[in-house]
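Engineer: For reference, the file target-v1.tsv (TSV, C-alpha atoms) is included below:
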```
chain	number	residue	atom	x	y	z
A	229	MET	CA	0.00	0.00	0.00
A	230	GLN	CA	1.46	3.36	-1.07
A	231	GLN	CA	0.79	6.80	0.35
A	232	ASP	CA	-0.88	9.34	-1.92
A	233	SER	CA	1.36	12.11	-3.24
A	234	THR	CA	0.13	14.72	-0.75
A	235	HIS	CA	0.88	12.58	2.26
A	236	SER	CA	4.14	11.34	0.77
A	237	ASN	CA	5.52	14.78	-0.01
A	238	ALA	CA	4.56	16.24	3.36
A	239	ALA	CA	6.02	13.25	5.14
A	240	ALA	CA	9.36	13.29	3.39
A	241	LEU	CA	9.91	17.04	3.57
A	242	ALA	CA	9.43	17.07	7.33
A	243	SER	CA	11.41	13.91	8.07
A	244	GLN	CA	14.88	14.77	6.81
A	245	VAL	CA	16.41	13.60	10.08
A	246	THR	CA	13.68	11.77	11.96
A	247	ASP	CA	12.47	8.35	10.93
A	248	VAL	CA	8.79	9.14	10.97
A	249	PRO	CA	6.60	10.96	8.42
A	250	ALA	CA	5.31	14.37	9.39
A	251	SER	CA	1.71	14.34	8.26
A	252	THR	CA	-0.80	13.81	11.05
A	253	ALA	CA	-3.32	12.87	8.42
A	254	ALA	CA	-0.96	10.19	7.22
A	255	ALA	CA	-0.63	8.91	10.77
A	256	ASP	CA	-4.40	8.80	11.11
A	257	ALA	CA	-4.58	6.83	7.87
A	258	GLY	CA	-2.36	4.14	9.36
A	259	PHE	CA	1.04	5.34	8.26
A	260	ALA	CA	3.99	6.10	10.52
A	261	PRO	CA	3.48	8.65	13.35
A	262	PRO	CA	4.17	12.40	13.06
A	263	SER	CA	7.72	13.70	13.33
A	264	CYS	CA	6.65	15.85	16.28
A	265	ALA	CA	6.18	12.65	18.25
A	266	ALA	CA	5.97	12.72	22.00
A	267	GLN	CA	9.19	12.62	23.95
A	268	GLY	CA	10.43	9.07	24.05
A	269	GLU	CA	9.38	8.25	20.48
A	270	GLU	CA	11.42	10.66	18.39
A	271	PHE	CA	14.68	10.20	16.47
A	272	ARG	CA	16.10	13.62	17.29
A	273	ASP	CA	18.43	15.80	15.25
A	274	ASP	CA	22.11	15.44	16.12
A	275	LEU	CA	22.77	18.78	17.83
A	276	ARG	CA	26.16	18.12	19.43
A	277	ALA	CA	28.58	21.05	19.51
A	278	PRO	CA	30.31	22.16	17.43
A	279	GLY	CA	28.09	20.53	14.83
A	280	ALA	CA	29.79	22.24	11.88
A	281	LEU	CA	30.18	19.01	9.94
A	282	ASN	CA	26.55	18.10	10.56
A	283	ALA	CA	25.39	21.51	9.39
A	284	GLN	CA	27.48	21.23	6.24
A	285	ALA	CA	26.01	17.84	5.44
A	286	ARG	CA	22.42	18.95	6.00
A	287	LYS	CA	22.78	22.08	3.89
A	288	ALA	CA	24.23	20.10	0.99
A	289	LEU	CA	20.80	18.80	0.02
A	290	SER	CA	17.69	20.96	-0.06
A	291	ALA	CA	14.39	19.55	1.11
A	292	GLN	CA	13.29	19.04	-2.49
A	293	GLU	CA	16.55	17.29	-3.37
A	294	LEU	CA	16.23	15.04	-0.34
A	295	LEU	CA	12.60	14.17	-1.08
A	296	PRO	CA	13.24	11.32	-3.57
A	297	PHE	CA	15.62	9.63	-1.12
A	298	THR	CA	12.95	9.41	1.59
A	299	GLN	CA	10.26	7.85	-0.60
A	300	LEU	CA	9.19	4.38	0.51
A	301	ASP	CA	8.84	1.68	-2.14
A	302	ASP	CA	7.06	-1.39	-0.83
A	303	LEU	CA	8.01	-3.44	-3.89
A	304	ARG	CA	11.72	-2.92	-3.26
A	305	SER	CA	11.28	-3.93	0.37
A	306	LEU	CA	9.38	-7.05	-0.70
A	307	LEU	CA	12.17	-7.90	-3.14
A	308	ALA	CA	14.71	-7.53	-0.32
A	309	MET	CA	12.63	-9.89	1.80
A	310	ALA	CA	12.43	-12.35	-1.08
A	311	GLN	CA	16.21	-12.21	-1.49
A	312	THR	CA	16.66	-13.03	2.18
A	313	GLY	CA	14.06	-15.78	1.92
A	314	VAL	CA	15.97	-17.42	-0.92
A	315	LEU	CA	19.17	-17.32	1.13
A	316	LEU	CA	17.37	-18.93	4.08
A	317	VAL	CA	16.06	-21.71	1.85
A	318	ILE	CA	19.50	-22.34	0.38
A	319	ALA	CA	21.06	-22.50	3.85
A	320	GLY	CA	18.34	-24.88	5.03
A	321	ALA	CA	18.77	-27.10	1.99
A	322	LEU	CA	22.52	-27.16	2.49
A	323	LEU	CA	22.08	-28.27	6.10
A	324	ALA	CA	19.60	-30.96	5.06
A	325	GLY	CA	21.92	-32.22	2.33
A	326	LEU	CA	24.91	-32.36	4.67
A	327	TRP	CA	23.01	-33.76	7.67
A	328	GLY	CA	25.26	-35.87	9.85
A	329	SER	CA	28.44	-34.70	8.13
A	330	PRO	CA	31.07	-32.37	9.61
A	331	TRP	CA	30.42	-30.18	6.56
A	332	MET	CA	27.15	-29.19	8.24
A	333	LEU	CA	29.21	-26.45	9.84
A	334	SER	CA	29.25	-24.67	6.48
A	335	GLY	CA	25.46	-24.79	6.43
A	336	ILE	CA	25.31	-23.40	9.97
A	337	ALA	CA	27.64	-20.58	8.92
A	338	LEU	CA	25.47	-19.76	5.89
A	339	MET	CA	22.31	-19.86	8.00
A	340	GLY	CA	23.86	-17.32	10.39
A	341	ILE	CA	24.56	-15.04	7.41
A	342	ALA	CA	20.94	-15.44	6.28
A	343	GLN	CA	19.62	-14.74	9.78
A	344	HIS	CA	21.72	-11.57	9.90
A	345	SER	CA	20.14	-10.47	6.63
A	346	LEU	CA	16.76	-11.09	8.27
A	347	PHE	CA	17.79	-8.98	11.25
A	348	ILE	CA	18.66	-6.03	8.99
A	349	LEU	CA	15.10	-6.11	7.66
A	350	SER	CA	13.84	-5.94	11.26
A	351	HIS	CA	16.12	-2.90	11.69
A	352	GLU	CA	14.37	-1.28	8.72
A	353	ALA	CA	11.01	-1.93	10.35
A	354	ALA	CA	12.23	-0.45	13.64
A	355	HIS	CA	12.89	2.77	11.68
A	356	TYR	CA	9.41	2.59	10.09
A	357	ARG	CA	11.16	2.12	6.72
A	358	LEU	CA	10.16	-1.43	5.72
A	359	LEU	CA	6.61	-0.79	4.50
A	360	SER	CA	4.71	2.45	3.94
A	361	HIS	CA	1.71	1.36	6.01
A	362	ARG	CA	2.55	1.72	9.72
A	363	GLY	CA	0.46	-1.24	10.82
A	364	ALA	CA	1.84	-3.59	8.17
A	365	ASN	CA	5.37	-2.35	8.84
A	366	ASP	CA	5.10	-3.14	12.54
A	367	VAL	CA	3.36	-6.50	12.16
A	368	LEU	CA	5.91	-7.73	9.65
A	369	GLY	CA	8.84	-6.25	11.58
A	370	ARG	CA	7.67	-7.93	14.77
A	371	LEU	CA	7.27	-11.28	13.02
A	372	ILE	CA	10.74	-11.02	11.46
A	373	GLY	CA	12.27	-10.12	14.80
A	374	MET	CA	10.30	-12.79	16.62
A	375	SER	CA	11.67	-15.50	14.33
A	376	SER	CA	15.17	-14.66	15.57
A	377	GLY	CA	14.27	-14.12	19.21
A	378	VAL	CA	14.37	-10.32	18.87
A	379	SER	CA	11.75	-7.95	20.22
A	380	MET	CA	11.54	-5.41	17.38
A	381	CYS	CA	9.54	-2.93	19.46
A	382	THR	CA	12.08	-3.08	22.28
A	383	TYR	CA	14.90	-2.74	19.77
A	384	ARG	CA	13.17	0.34	18.34
A	385	VAL	CA	13.42	2.01	21.75
A	386	THR	CA	17.04	0.96	22.28
A	387	HIS	CA	18.11	1.91	18.77
A	388	ARG	CA	16.45	5.31	19.04
A	389	LEU	CA	18.76	6.10	21.96
A	390	HIS	CA	21.76	5.01	19.89
A	391	HIS	CA	20.82	7.45	17.13
A	392	ASN	CA	19.95	10.25	19.52
A	393	ASN	CA	23.08	9.91	21.66
A	394	LEU	CA	25.78	8.54	19.36
A	395	TYR	CA	28.87	7.90	21.50
A	396	GLY	CA	27.30	9.85	24.35
A	397	SER	CA	26.72	8.64	27.90
A	398	GLU	CA	23.21	7.51	26.94
A	399	ASP	CA	24.29	5.50	23.88
A	400	PRO	CA	23.47	1.86	24.71
A	401	ASP	CA	25.75	0.62	21.91
A	402	THR	CA	29.00	2.11	23.23
A	403	ALA	CA	29.58	-1.02	25.30
A	404	ILE	CA	29.70	-2.95	22.01
A	405	HIS	CA	31.76	-0.73	19.73
A	406	GLY	CA	33.45	1.80	22.02
A	407	GLY	CA	37.10	1.88	23.00
A	408	TYR	CA	38.58	0.37	19.85
A	409	PRO	CA	41.23	-0.51	18.94
A	410	ARG	CA	41.50	-2.81	21.95
A	411	GLY	CA	44.19	-5.05	20.52
A	412	LYS	CA	43.97	-8.02	18.20
A	413	ALA	CA	43.85	-10.56	21.03
A	414	TYR	CA	40.86	-8.85	22.66
A	415	LEU	CA	38.68	-8.84	19.54
A	416	LEU	CA	39.71	-12.33	18.47
A	417	ARG	CA	38.82	-13.61	21.94
A	418	LYS	CA	35.41	-11.95	21.79
A	419	LEU	CA	34.72	-13.37	18.32
A	420	ALA	CA	35.79	-16.85	19.43
A	421	GLN	CA	33.42	-16.61	22.39
A	422	ASP	CA	30.67	-15.53	20.00
A	423	VAL	CA	31.26	-18.49	17.68
A	424	VAL	CA	30.70	-21.01	20.48
A	425	GLY	CA	27.64	-19.16	21.82
A	426	TRP	CA	29.25	-17.89	25.02
A	427	ASN	CA	27.98	-14.32	24.55
A	428	ALA	CA	24.59	-15.04	22.99
A	429	TRP	CA	22.74	-14.29	26.23
A	430	LYS	CA	24.20	-10.77	26.23
A	431	THR	CA	22.96	-10.22	22.68
A	432	TYR	CA	19.41	-11.19	23.57
A	433	ALA	CA	19.52	-9.21	26.80
A	434	TYR	CA	20.36	-6.18	24.63
A	435	PHE	CA	17.43	-6.87	22.29
A	436	PHE	CA	15.17	-7.21	25.31
A	437	GLY	CA	16.11	-3.74	26.56
A	438	ALA	CA	19.01	-4.46	28.92
A	439	PRO	CA	22.26	-3.39	27.23
A	440	ALA	CA	25.63	-4.12	28.80
A	441	ILE	CA	27.47	-1.63	31.00
A	442	ASN	CA	29.26	1.12	29.13
A	443	GLU	CA	32.87	0.69	30.31
A	444	ASP	CA	33.72	4.32	29.55
A	445	THR	CA	30.90	5.82	31.64
A	446	GLN	CA	30.26	2.84	33.95
A	447	ARG	CA	26.56	3.21	33.22
A	448	ALA	CA	24.12	0.46	32.35
A	449	VAL	CA	21.63	2.32	30.17
A	450	ARG	CA	18.08	1.07	30.56
A	451	PRO	CA	16.36	2.57	27.52
A	452	LEU	CA	12.87	1.47	28.50
A	453	ASP	CA	13.06	4.18	31.17
A	454	ASP	CA	13.23	6.75	28.35
A	455	THR	CA	10.25	6.03	26.16
A	456	SER	CA	6.63	7.00	25.76
A	457	PRO	CA	3.87	4.94	27.42
A	458	GLN	CA	2.67	3.81	23.99
A	459	LEU	CA	6.05	2.45	22.91
A	460	ARG	CA	6.67	1.05	26.40
A	461	LYS	CA	3.45	-0.94	26.16
A	462	ALA	CA	4.23	-2.17	22.64
A	463	ALA	CA	7.71	-3.26	23.74
A	464	ARG	CA	6.34	-5.14	26.75
A	465	GLN	CA	3.71	-6.94	24.67
A	466	ASP	CA	6.26	-7.76	22.00
A	467	ARG	CA	8.63	-9.34	24.52
A	468	TYR	CA	5.86	-11.59	25.79
A	469	LEU	CA	5.05	-12.66	22.23
A	470	VAL	CA	8.70	-13.40	21.44
A	471	VAL	CA	9.07	-15.55	24.56
A	472	GLY	CA	5.78	-17.31	23.81
A	473	ALA	CA	6.82	-18.03	20.24
A	474	HIS	CA	10.12	-19.55	21.29
A	475	ILE	CA	8.34	-21.79	23.77
A	476	ALA	CA	5.74	-22.84	21.20
A	477	LEU	CA	8.09	-23.50	18.27
A	478	PRO	CA	10.12	-26.35	19.80
A	479	ILE	CA	6.91	-27.89	21.13
A	480	ALA	CA	5.44	-27.72	17.61
A	481	ALA	CA	8.61	-29.21	16.12
A	482	TYR	CA	8.43	-32.12	18.54
A	483	ALA	CA	4.69	-32.60	17.94
A	484	LEU	CA	5.21	-32.73	14.18
A	485	GLY	CA	8.40	-34.75	13.99
A	486	GLY	CA	9.19	-36.19	17.38
A	487	TRP	CA	12.77	-36.03	18.60
A	488	HIS	CA	14.05	-35.85	15.03
A	489	GLY	CA	11.82	-32.88	14.29
A	490	LEU	CA	13.01	-31.14	17.43
A	491	SER	CA	16.68	-31.81	16.60
A	492	VAL	CA	16.21	-30.46	13.07
A	493	TYR	CA	14.63	-27.28	14.45
A	494	LEU	CA	17.41	-26.80	16.98
A	495	VAL	CA	20.28	-27.48	14.55
A	496	VAL	CA	18.87	-25.61	11.55
A	497	TRP	CA	17.57	-22.55	13.37
A	498	ILE	CA	18.60	-22.20	17.02
A	499	VAL	CA	22.25	-23.28	16.78
A	500	PRO	CA	23.05	-20.66	14.08
A	501	LEU	CA	21.25	-18.00	16.13
A	502	MET	CA	23.42	-18.80	19.13
A	503	THR	CA	26.71	-19.26	17.24
A	504	SER	CA	27.42	-18.15	13.67
A	505	LEU	CA	25.13	-15.10	13.84
A	506	GLN	CA	26.84	-13.71	16.93
A	507	PRO	CA	30.31	-12.82	15.53
A	508	ILE	CA	28.65	-11.24	12.47
A	509	LEU	CA	26.57	-8.94	14.66
A	510	ARG	CA	29.62	-7.93	16.69
A	511	LEU	CA	31.99	-7.43	13.78
A	512	ARG	CA	29.49	-5.36	11.80
A	513	ALA	CA	28.83	-3.09	14.79
A	514	VAL	CA	32.54	-2.57	15.42
A	515	CYS	CA	33.19	-1.91	11.73
A	516	GLU	CA	30.44	0.73	11.81
A	517	HIS	CA	31.68	2.66	14.85
A	518	GLY	CA	34.91	1.18	16.18
A	519	ALA	CA	38.30	2.91	16.14
A	520	VAL	CA	36.95	6.29	15.01
A	521	SER	CA	38.95	9.38	15.94
A	522	ASP	CA	36.42	12.24	15.99
A	523	LEU	CA	33.11	11.89	17.83
A	524	SER	CA	31.75	15.35	16.99
A	525	SER	CA	29.68	14.26	13.97
A	526	PRO	CA	28.15	11.13	12.40
A	527	LEU	CA	30.47	11.83	9.46
A	528	THR	CA	33.41	10.73	11.60
A	529	ALA	CA	31.76	8.86	14.51
A	530	ALA	CA	30.09	6.42	12.11
A	531	ARG	CA	31.73	4.64	9.20
A	532	SER	CA	30.62	3.59	5.73
A	533	ASN	CA	32.38	0.52	4.36
A	534	ARG	CA	32.74	-0.01	0.62
A	535	THR	CA	31.25	-3.26	-0.67
A	536	PHE	CA	32.40	-2.74	-4.27
A	537	GLY	CA	35.75	-2.59	-6.02
A	538	SER	CA	38.04	-5.27	-4.64
A	539	GLY	CA	37.12	-8.92	-4.19
A	540	ALA	CA	37.67	-8.60	-0.44
A	541	ASN	CA	35.15	-5.74	-0.27
A	542	ARG	CA	32.57	-7.78	-2.16
A	543	VAL	CA	32.97	-11.01	-0.19
A	544	LEU	CA	33.16	-9.38	3.24
A	545	GLY	CA	30.36	-7.00	2.27
A	546	ALA	CA	28.06	-9.91	1.41
A	547	ILE	CA	28.69	-11.41	4.85
A	548	LEU	CA	28.66	-8.30	7.04
A	549	PHE	CA	26.57	-5.70	5.21
A	550	PRO	CA	23.38	-7.00	3.54
A	551	HIS	CA	20.72	-4.62	2.26
A	552	HIS	CA	23.10	-1.62	1.91
A	553	VAL	CA	23.64	-1.41	5.68
A	554	ASN	CA	27.29	-0.61	4.87
A	555	TYR	CA	26.24	3.03	4.22
A	556	HIS	CA	26.14	3.66	7.94
A	557	LEU	CA	27.20	7.28	8.32
A	558	GLU	CA	24.59	8.20	5.69
A	559	HIS	CA	22.04	6.29	7.77
A	560	HIS	CA	22.98	8.30	10.86
A	561	LEU	CA	22.78	11.60	8.98
A	562	TYR	CA	19.40	10.77	7.44
A	563	PRO	CA	17.69	7.84	9.20
A	564	ALA	CA	14.49	8.58	7.25
A	565	VAL	CA	16.13	7.20	4.09
A	566	PRO	CA	15.27	3.51	3.43
A	567	HIS	CA	18.11	1.12	2.71
A	568	TYR	CA	17.57	0.90	-1.07
A	569	HIS	CA	18.12	4.67	-1.48
A	570	LEU	CA	21.33	4.82	0.57
A	571	PRO	CA	23.72	4.16	-2.36
A	572	ALA	CA	22.20	7.07	-4.31
A	573	LEU	CA	22.30	9.28	-1.22
A	574	HIS	CA	25.97	8.39	-0.78
A	575	ARG	CA	26.73	9.43	-4.36
A	576	ALA	CA	24.83	12.71	-3.93
A	577	LEU	CA	26.71	13.59	-0.74
A	578	GLN	CA	30.00	12.56	-2.29
A	579	ALA	CA	29.39	14.74	-5.35
A	580	ARG	CA	28.86	17.76	-3.08
A	581	GLY	CA	32.06	17.13	-1.15
A	582	VAL	CA	30.26	16.30	2.10
A	583	LEU	CA	32.13	13.02	2.48
A	584	ASP	CA	35.59	14.55	2.10
A	585	GLY	CA	37.42	13.50	5.24
A	586	ALA	CA	34.52	11.34	6.41
A	587	GLU	CA	34.89	7.74	7.60
A	588	VAL	CA	34.46	5.96	4.24
A	589	ARG	CA	36.82	3.02	3.86
A	590	ASP	CA	37.48	-0.31	2.22
A	591	ILE	CA	36.56	-3.15	4.55
A	592	PRO	CA	40.14	-4.51	4.86
A	593	ASP	CA	41.29	-1.04	5.94
A	594	THR	CA	38.55	-0.95	8.58
A	595	LEU	CA	39.57	-4.39	9.84
A	596	ASN	CA	43.17	-3.24	10.14
A	597	MET	CA	42.01	-0.32	12.27
A	598	ILE	CA	39.80	-2.28	14.65
A	599	PHE	CA	42.38	-5.08	15.05
A	600	ALA	CA	45.21	-2.60	15.68
A	601	PRO	CA	47.15	-2.61	18.98
A	602	ARG	CA	45.32	-1.18	21.95
A	603	LYS	CA	45.68	2.55	22.56
A	604	SER	CA	46.45	3.89	26.00
A	605	LYS	CA	43.50	5.53	27.73
A	606	ALA	CA	45.30	8.88	27.63
A	607	ALA	CA	45.86	8.64	23.88
A	608	ALA	CA	42.32	7.46	23.24
A	609	GLY	CA	40.90	10.30	25.31
A	610	ALA	CA	42.99	12.87	23.46
A	611	ALA	CA	41.88	11.48	20.10
A	612	HIS	CA	38.22	11.71	21.05
A	613	VAL	CA	38.23	15.30	22.28
```
Any chance you could put this one into structure tokens?
Structural biologist:
Amino acid sequence: MQQDSTHSNAAALASQVTDVPASTAAADAGFAPPSCAAQGEEFRDDLRAPGALNAQARKALSAQELLPFTQLDDLRSLLAMAQTGVLLVIAGALLAGLWGSPWMLSGIALMGIAQHSLFILSHEAAHYRLLSHRGANDVLGRLIGMSSGVSMCTYRVTHRLHHNNLYGSEDPDTAIHGGYPRGKAYLLRKLAQDVVGWNAWKTYAYFFGAPAINEDTQRAVRPLDDTSPQLRKAARQDRYLVVGAHIALPIAAYALGGWHGLSVYLVVWIVPLMTSLQPILRLRAVCEHGAVSDLSSPLTAARSNRTFGSGANRVLGAILFPHHVNYHLEHHLYPAVPHYHLPALHRALQARGVLDGAEVRDIPDTLNMIFAPRKSKAAAGAAHV
């Protein structure tokens, strides 16, 4: 379902930074809520001082020039979902074909990649960018998140704080990507723990609204304390549904196929969620924000990683950055832009010189930065002033 041109134009013009369309009429018609949402629902402008880089970026495109980038195209979202669905089917078929063989590990790895692609679609829904109809967007986003044990509505609240407080004391993601480089041994140890499922409980605690302690500020941000009653209620209901689904699914697998059915469900779906998905989530997050040197703007506090050019960029991009999520600084500058318009937005900003000096790198270069030797706290603090 597409918005009419009046609603679409009004929505896009007023949502250059926020994720939600501006027209109250559109909200009443079932589309995303107004940009002047109540406190605790909004994706606020990045107003950190000095803000010069932000101002430069936002003046580079007029409202009319930005308008096409904010348009939602349900067909393109459905095609992205179909692409992910095909990858899930291939991974499942590979696991079935290799059942009982040590080569099943390759199927588990591929399934983790496919599940990560599914998660990125849930991220789009959390930003109200998956489908143009608000109700359909949220239902589908919740179902996608639920399949992976993620409460999309809770993640929406947590992720809003990340956008609104990037690298600030209220950023719930700093515990994941802050402080890099921390040394090669540190990151390799974390990734090894992820592969065997040691850290999976922390991941799902985060998606249920309980992020880890930020080591820099020694604060455990609880984002559900900073949200509107409406979103608080939706998050609470969503968490109950996610828990209920993951109690019901193994019971259904056993009812349909006995112990074999249950083992297939666990190996094909749950084991990749707990293992191969985990290092992908971590490495992507660190590649997006780790080892940056200037926290004053999303242009330098977030990073875009090239997924074209070299073979390494293409292969690593396919694993870590599905659905154009590699254009991460662009996403922070304009979170109202859906994923399929991010490449064009990148080119427009690049043509205007906005990305000169910004964190735009080849993936191997990013990996070299995040795996570099640990910096002293004094040096890291000086670099982040």
Engineer: Please provide as an NGL selection string all residues within 7 Å of stretch 370-387 of chain A, with the sequence filter that same-chain residues fewer than 4 positions apart are discarded (counting all atoms listed in the file).
Structural biologist: :A and (346-347 or 350 or 354 or 366 or 391 or 400 or 432 or 435-437 or 451-452 or 455 or 462-463 or 466-467 or 470 or 501)
Engineer: Using all atoms listed in the file, what residues lie at most 6 Å away from (25.9, 10.3, 11.2) (file coordinates), given as a VMD selection string?
Structural biologist: chain A and resid 526 to 527 530 557 560 to 561
Engineer: Could you tell me which of A:Leu595, A:Val423, A:Val565, A:Ala576 comes closest to A:Leu289 if we count all atoms listed in the file?
Structural biologist: A:Ala576
Engineer: Scan for residues within 9 Å of the point (22.3, -27.5, 13.5) in the coordinates of the file, using only C-alpha atoms, and reply as number ranges by chain.
Structural biologist: A: 323, 327, 332-333, 335-336, 491-500
Engineer: From the list A:His344, A:Arg589, A:His488, A:His361, which residue is nearest A:Leu315 when using only C-alpha atoms?
Structural biologist: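 Looking only at the distances to A:Leu315, the closest residue turns out to be A:His344.
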Engineer: Extract, using all atoms listed in the file, all DNA, RNA and protein residues at most 8 Å from A:Glu558, discarding same-chain residues fewer than 4 positions from it, and format them as a list in words.
Structural biologist: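 Counting all atoms listed in the file, the residues come to Leu527, Ser532, Tyr562, Pro563, Leu570, Leu573 and His574 of chain A.
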Engineer: What is the atom CA of A:Ile598-atom CA of A:Ala353 distance in Å, reported with one decimal?
Structural biologist: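 Answer for the atom CA of A:Ile598 to atom CA of A:Ala353 separation: 29.1 Å.
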Engineer: Rounded to one decimal in Å, what is the spacing between atom CA of A:His517 and atom CA of A:Gly406?
Structural biologist: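 Value for the atom CA of A:His517-atom CA of A:Gly406 distance: 7.4 Å.
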Engineer: Which residues are near A:Leu300? Cut-off 7 Å, only C-alpha atoms, ignore same chain within fewer than 5 positions. Put them as a ChimeraX atom specification.
Structural biologist: /A:357,360,566
Engineer: Can you pull out the residues contacting A:Arg531? Cut-off 12 Å, using only C-alpha atoms, and skip same-chain residues under 4 positions away; I want them as an MDAnalysis selection string.
Structural biologist: chainID A and resid 405 512:523 525:527 553:561 583 585:591 593:595 597:598
Engineer: Find, counting all atoms listed in the file, the residue in A:Ile508, A:His355, A:Gly369, A:Pro409 that gets nearest to A:Thr431.
Structural biologist: A:Ile508
Engineer: When you draw a straight line from atom CA of A:Val582 to atom CA of A:Ala285, how long is it in Å?
Structural biologist: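 Pair atom CA of A:Val582 / atom CA of A:Ala285 returns 5.6 Å.
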Engineer: For each of A:Gln578, A:Gln421, A:Ser524, A:Gln458, take the minimum atom-to-atom distance to A:Gln506, counting all atoms listed in the file, then give the residue where this is smallest.
Structural biologist: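 Result for the nearest residue to A:Gln506: A:Gln421.
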Engineer: Please provide as a list in words all residues within 10 Å of A:Ala288, with the sequence filter that same-chain residues fewer than 3 positions apart are discarded (counting all atoms listed in the file).
Structural biologist: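 Once the nearby chain positions are removed, what remains is Ala283, Gln284, Ala285, Ala291, Glu293, Leu294, Ala576, Leu577, Ala579, Arg580, Gly581 and Val582 of chain A.
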Engineer: Which one of A:Leu358, A:Ala337, A:Leu389, A:Ala529 sits closest to A:Gly320 if you count all atoms listed in the file?
Structural biologist: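 Of all the options, A:Ala337 lies closest to A:Gly320.
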